[in-house]
Amino acid sequence: MNVQYKPHHEHWYKIKGERMDADVHKCFKTHFYDDETEKFITDACNISYFKHIFDSTVSIFLLPFMSTTSRNALLNRGNMFVASSSLFSELISYCATTKSLLDIGAGSGSVTEKLSHHFESIFVTETCSSMCSHLQAKGFTVLEPNDWNTHSFDVISCLNVLDRCHNPSKLLESIHDSLSLKGGTCIIALVLPYHGSVEEGQVWNRQIEPLHIKGRSFEEQLSSFVKDILEPIGFELNMVTRVPYLCTGDLHANYYSLTDCLLSLNVKPCISNNET
């Protein structure tokens with residue numbers, strides 16, 4: 001796939017390598033502002049002022065009855081952008097087979113669609129019932145959030161979910177155990193600096209068991225995430241990059257941006273007694 005490089009927003013993608021663990025830095029690949037990122041921002045900037053007024057008015061009216069996620073699903077607003085199709089293709093390329101995909105916390109399914117053409121079977125989970133209807137309409141198989149870990153998958157994507165659930169370490173362990181032992185791959189996105197919170201009805205609460213990530217800078221926290229959390233569970237890092245986590249805006253801004261680390265990981269091979 002021919003992806004055009006655009007020299008814009010380079011600060012979204014750059015790191016200070018000297019602050020990063022050497023092993024993690026070896027796996028880092030610098031991404032760039034590409035056509036799909038530009039299109040998302042252009043489309044966000046072209047949303048009419050009157051739609052923002054309408055959405056804000058209806059959202060205020062629905063506030064006592066629905067969560068933010070449910071209101072956004074109903075109004076089709078707050079669309080998110082994690083990465084372009086070409087970058088996802090590169091992250092998936094480390095998987096030995098690509099028959100089945102599980103996308104945890106798939107939301108509206110926009111990212112799932114980017115991944116879907118690589119796979120024969122697409123499974124998703126989502127806690128928001130309004131979003132589940134969108135996912136089913138797109139032809140994805142919706143699994144119960146607490147039932148998927150009885151299955152095995154070639155690729156599991158967990159994009160910006162670890163900071164929005166109460167026990168992210170347990171989730172990572174379940175992902176590890178549900179990946180195919182024949183080269184299964186996990187794709188993870190996590191906003192750094194790390195600030196975990198969980199939406200429960202109309203309230204955002206602190207995580208019960210947050211990840212214990214050390215450091216302050218993006219580089220320090222990414223290193224800690226890999227070395228202190230992912231590797232002890234049994235993952236090995238294939239590739240990592242830094243990308244903007246974009247969201248369409250409102251009356252105050254055309255779009256909003258956070259900083260994501262985006263990782264491709266495989267299950268660490270078990271060494272049998274014959275090999276030791």
# chains A, B, ... in the order shown; residues from 1 in each chain; ligands from 1
call {"tool": "closest_atom_pairs", "arguments": {"of": "range 165-195 of chain A", "to": "range 69-88 of chain A", "cutoff": "12 Å", "atoms": "only C-alpha atoms", "output": "CSV"}}
result
residue,atom,partner,partner_atom,distance
A:Cys186,CA,A:Phe88,CA,11.5
A:Ile187,CA,A:Phe88,CA,8.7
A:Ile188,CA,A:Val82,CA,10.7
A:Ala189,CA,A:Val82,CA,8.1
A:Leu190,CA,A:Val82,CA,10.2
A:Val191,CA,A:Val82,CA,10.6
call {"tool": "residues_around", "arguments": {"residues": "Leu159 in chain A", "least_positions_apart": "2", "cutoff": "10 Å", "atoms": "only C-alpha atoms", "output": "PyMOL selection string"}}
result
chain A and resi 82+103-107+111+156-157+161-163+187-191+260-263
call {"tool": "closest_residue", "arguments": {"among": "A:Ile41, A:Ile15, A:Val203, A:Ile208", "to": "Phe28 in chain A", "atoms": "only C-alpha atoms"}}
result
A:Ile15
call {"tool": "residues_around", "arguments": {"residues": "Thr141 in chain A", "least_positions_apart": "6", "cutoff": "9 Å", "atoms": "only C-alpha atoms", "output": "VMD selection string"}}
result
chain A and resid 121 to 125 135
call {"tool": "select_by_dssp", "arguments": {"residues": "range 71-163 of chain A", "states": "helix (DSSP H, G or I)", "output": "PyMOL selection string"}}
result
chain A and resi 71-75+85-92+110-116+129-137+148-150+162-163
call {"tool": "write_last_selection", "arguments": {"atoms": "N, CA and C atoms", "output": "mmCIF file, in the first residue's frame"}}
result
data_model
loop_
_atom_site.group_PDB
_atom_site.id
_atom_site.type_symbol
_atom_site.label_atom_id
_atom_site.label_comp_id
_atom_site.auth_asym_id
_atom_site.auth_seq_id
_atom_site.Cartn_x
_atom_site.Cartn_y
_atom_site.Cartn_z
ATOM 1 N N ARG A 71 -25.104 8.348 24.856
ATOM 2 C CA ARG A 71 -25.574 9.557 24.178
ATOM 3 C C ARG A 71 -24.820 9.765 22.868
ATOM 4 N N ASN A 72 -23.516 9.559 22.903
ATOM 5 C CA ASN A 72 -22.720 9.713 21.685
ATOM 6 C C ASN A 72 -23.127 8.698 20.620
ATOM 7 N N ALA A 73 -23.438 7.463 21.046
ATOM 8 C CA ALA A 73 -23.875 6.443 20.094
ATOM 9 C C ALA A 73 -25.201 6.839 19.450
ATOM 10 N N LEU A 74 -26.100 7.349 20.262
ATOM 11 C CA LEU A 74 -27.403 7.755 19.747
ATOM 12 C C LEU A 74 -27.288 8.906 18.758
ATOM 13 N N LEU A 75 -26.404 9.851 19.039
ATOM 14 C CA LEU A 75 -26.256 11.053 18.212
ATOM 15 C C LEU A 75 -25.206 10.892 17.114
ATOM 16 N N SER A 85 -5.286 2.392 8.214
ATOM 17 C CA SER A 85 -5.339 0.989 7.801
ATOM 18 C C SER A 85 -3.951 0.424 7.547
ATOM 19 N N SER A 86 -3.059 1.230 6.963
ATOM 20 C CA SER A 86 -1.712 0.749 6.658
ATOM 21 C C SER A 86 -0.927 0.423 7.927
ATOM 22 N N LEU A 87 -1.109 1.221 8.974
ATOM 23 C CA LEU A 87 -0.408 0.955 10.231
ATOM 24 C C LEU A 87 -0.960 -0.307 10.893
ATOM 25 N N PHE A 88 -2.286 -0.479 10.874
ATOM 26 C CA PHE A 88 -2.863 -1.699 11.434
ATOM 27 C C PHE A 88 -2.371 -2.934 10.685
ATOM 28 N N SER A 89 -2.245 -2.813 9.365
ATOM 29 C CA SER A 89 -1.736 -3.942 8.572
ATOM 30 C C SER A 89 -0.334 -4.330 9.023
ATOM 31 N N GLU A 90 0.484 -3.329 9.322
ATOM 32 C CA GLU A 90 1.848 -3.606 9.789
ATOM 33 C C GLU A 90 1.837 -4.269 11.155
ATOM 34 N N LEU A 91 0.958 -3.832 12.033
ATOM 35 C CA LEU A 91 0.874 -4.409 13.372
ATOM 36 C C LEU A 91 0.406 -5.854 13.324
ATOM 37 N N ILE A 92 -0.511 -6.161 12.398
ATOM 38 C CA ILE A 92 -1.051 -7.510 12.266
ATOM 39 C C ILE A 92 -0.053 -8.453 11.605
ATOM 40 N N SER A 110 -15.822 1.282 13.917
ATOM 41 C CA SER A 110 -15.073 1.936 12.841
ATOM 42 C C SER A 110 -13.654 1.384 12.727
ATOM 43 N N VAL A 111 -13.013 1.102 13.862
ATOM 44 C CA VAL A 111 -11.674 0.523 13.825
ATOM 45 C C VAL A 111 -11.743 -0.953 13.432
ATOM 46 N N THR A 112 -12.756 -1.646 13.915
ATOM 47 C CA THR A 112 -12.943 -3.056 13.559
ATOM 48 C C THR A 112 -13.034 -3.220 12.050
ATOM 49 N N GLU A 113 -13.715 -2.290 11.400
ATOM 50 C CA GLU A 113 -13.850 -2.339 9.942
ATOM 51 C C GLU A 113 -12.486 -2.257 9.253
ATOM 52 N N LYS A 114 -11.594 -1.443 9.798
ATOM 53 C CA LYS A 114 -10.246 -1.327 9.212
ATOM 54 C C LYS A 114 -9.481 -2.641 9.325
ATOM 55 N N LEU A 115 -9.742 -3.377 10.394
ATOM 56 C CA LEU A 115 -9.038 -4.630 10.638
ATOM 57 C C LEU A 115 -9.694 -5.810 9.923
ATOM 58 N N SER A 116 -10.985 -5.716 9.648
ATOM 59 C CA SER A 116 -11.792 -6.881 9.283
ATOM 60 C C SER A 116 -11.362 -7.567 7.986
ATOM 61 N N SER A 129 -25.015 -1.062 25.134
ATOM 62 C CA SER A 129 -26.017 -1.765 24.332
ATOM 63 C C SER A 129 -26.314 -1.049 23.025
ATOM 64 N N SER A 130 -26.276 0.289 23.030
ATOM 65 C CA SER A 130 -26.527 1.047 21.801
ATOM 66 C C SER A 130 -25.451 0.763 20.761
ATOM 67 N N MET A 131 -24.213 0.660 21.208
ATOM 68 C CA MET A 131 -23.114 0.345 20.310
ATOM 69 C C MET A 131 -23.230 -1.077 19.772
ATOM 70 N N CYS A 132 -23.726 -2.010 20.600
ATOM 71 C CA CYS A 132 -23.875 -3.402 20.164
ATOM 72 C C CYS A 132 -24.797 -3.502 18.957
ATOM 73 N N SER A 133 -25.833 -2.687 18.926
ATOM 74 C CA SER A 133 -26.752 -2.685 17.782
ATOM 75 C C SER A 133 -26.029 -2.268 16.512
ATOM 76 N N HIS A 134 -25.167 -1.239 16.616
ATOM 77 C CA HIS A 134 -24.372 -0.793 15.464
ATOM 78 C C HIS A 134 -23.451 -1.914 14.983
ATOM 79 N N LEU A 135 -22.838 -2.621 15.936
ATOM 80 C CA LEU A 135 -21.887 -3.677 15.590
ATOM 81 C C LEU A 135 -22.578 -4.852 14.904
ATOM 82 N N GLN A 136 -23.753 -5.224 15.408
ATOM 83 C CA GLN A 136 -24.501 -6.312 14.793
ATOM 84 C C GLN A 136 -24.948 -5.934 13.383
ATOM 85 N N ALA A 137 -25.336 -4.672 13.199
ATOM 86 C CA ALA A 137 -25.763 -4.203 11.882
ATOM 87 C C ALA A 137 -24.627 -4.262 10.868
ATOM 88 N N TRP A 148 -16.028 -14.066 26.417
ATOM 89 C CA TRP A 148 -15.142 -14.268 25.266
ATOM 90 C C TRP A 148 -13.909 -15.096 25.581
ATOM 91 N N ASN A 149 -13.492 -15.100 26.854
ATOM 92 C CA ASN A 149 -12.220 -15.753 27.187
ATOM 93 C C ASN A 149 -12.311 -17.276 27.251
ATOM 94 N N THR A 150 -13.454 -17.828 26.838
ATOM 95 C CA THR A 150 -13.562 -19.282 26.700
ATOM 96 C C THR A 150 -13.194 -19.718 25.281
ATOM 97 N N LEU A 162 -7.812 -0.527 28.407
ATOM 98 C CA LEU A 162 -7.148 -0.846 29.678
ATOM 99 C C LEU A 162 -7.298 0.248 30.715
ATOM 100 N N ASP A 163 -7.441 1.494 30.280
ATOM 101 C CA ASP A 163 -7.624 2.594 31.236
ATOM 102 C C ASP A 163 -9.101 2.888 31.491
#
call {"tool": "closest_residue", "arguments": {"among": "A:Cys165, A:Leu181, A:Leu172, A:Val243", "to": "Ser152 in chain A", "atoms": "only C-alpha atoms"}}
result
A:Leu181
call {"tool": "atom_distance", "arguments": {"atom1": "CA of Val267 in chain A", "atom2": "CA of Glu231 in chain A"}}
result
9.4 Å
call {"tool": "select_by_dssp", "arguments": {"residues": "range 35-214 of chain A", "states": "strand (DSSP E or B)", "output": "ChimeraX atom specification"}}
result
/A:80-81,100-104,121-125,141-143,153,155-159,179,185-191,197-200,203-206
call {"tool": "write_last_selection", "arguments": {"atoms": "C-alpha atoms", "output": "compact mmCIF listing (two decimals), in the first residue's frame"}}
result
# COMPACT_ATOMS: atom_id res chain seq x y z
CA MET A 80 -12.61 8.20 17.36
CA PHE A 81 -9.50 7.65 15.23
CA SER A 100 -10.08 -14.94 13.66
CA LEU A 101 -10.12 -11.48 15.26
CA LEU A 102 -11.57 -10.37 18.58
CA ASP A 103 -11.90 -6.60 19.06
CA ILE A 104 -12.46 -5.85 22.75
CA SER A 121 -14.24 -14.41 11.37
CA ILE A 122 -14.77 -11.16 13.29
CA PHE A 123 -15.85 -11.12 16.93
CA VAL A 124 -16.39 -8.05 19.12
CA THR A 125 -17.30 -7.14 22.68
CA THR A 141 -20.47 -11.40 15.98
CA VAL A 142 -21.05 -9.76 19.37
CA LEU A 143 -19.82 -11.75 22.38
CA PHE A 153 -8.31 -16.14 18.62
CA VAL A 155 -5.52 -11.70 16.89
CA ILE A 156 -7.02 -9.76 19.80
CA SER A 157 -7.20 -5.98 19.67
CA CYS A 158 -7.65 -4.00 22.87
CA LEU A 159 -7.64 -0.35 21.89
CA LEU A 179 -4.48 -15.99 22.02
CA THR A 185 -0.88 -11.49 18.20
CA CYS A 186 -2.30 -8.80 20.47
CA ILE A 187 -2.67 -5.16 19.43
CA ILE A 188 -2.92 -2.73 22.33
CA ALA A 189 -3.48 1.03 22.43
CA LEU A 190 -3.11 2.92 25.70
CA VAL A 191 -3.19 6.64 26.39
CA SER A 197 -11.23 5.80 35.12
CA VAL A 198 -14.40 3.80 34.49
CA GLU A 199 -17.75 5.09 33.21
CA GLU A 200 -20.58 3.76 35.37
CA VAL A 203 -20.48 8.89 36.77
CA TRP A 204 -16.76 8.33 36.13
CA ASN A 205 -15.05 6.40 38.95
CA ARG A 206 -11.44 5.50 39.64
call {"tool": "residues_around", "arguments": {"residues": "Ala96 in chain A", "least_positions_apart": "2", "cutoff": "8 Å", "atoms": "only C-alpha atoms", "output": "PyMOL selection string"}}
result
chain A and resi 93-94+98+182-184
call {"tool": "closest_residue", "arguments": {"among": "A:Ser108, A:Glu126, A:Ile47, A:Ser180", "to": "Lys138 in chain A", "atoms": "only C-alpha atoms"}}
result
A:Ser108
call {"tool": "residues_around", "arguments": {"residues": "Asp23 in chain A", "least_positions_apart": "5", "cutoff": "10 Å", "atoms": "only C-alpha atoms", "output": "number ranges by chain"}}
result
A: 28, 223, 226-227, 237
call {"tool": "closest_residue", "arguments": {"among": "A:Leu230, A:Cys27, A:Leu258, A:Met20", "to": "Pro193 in chain A", "atoms": "only C-alpha atoms"}}
result
A:Leu258
call {"tool": "atom_distance", "arguments": {"atom1": "CA of Lys99 in chain A", "atom2": "CA of Asp154 in chain A"}}
result
6.4 Å
call {"tool": "atom_distance", "arguments": {"atom1": "CA of Phe119 in chain A", "atom2": "CA of His176 in chain A"}}
result
19.4 Å
call {"tool": "closest_residue", "arguments": {"among": "A:Gly139, A:Pro64, A:Pro145, A:Gly249", "to": "Gly201 in chain A", "atoms": "only C-alpha atoms"}}
result
A:Pro64
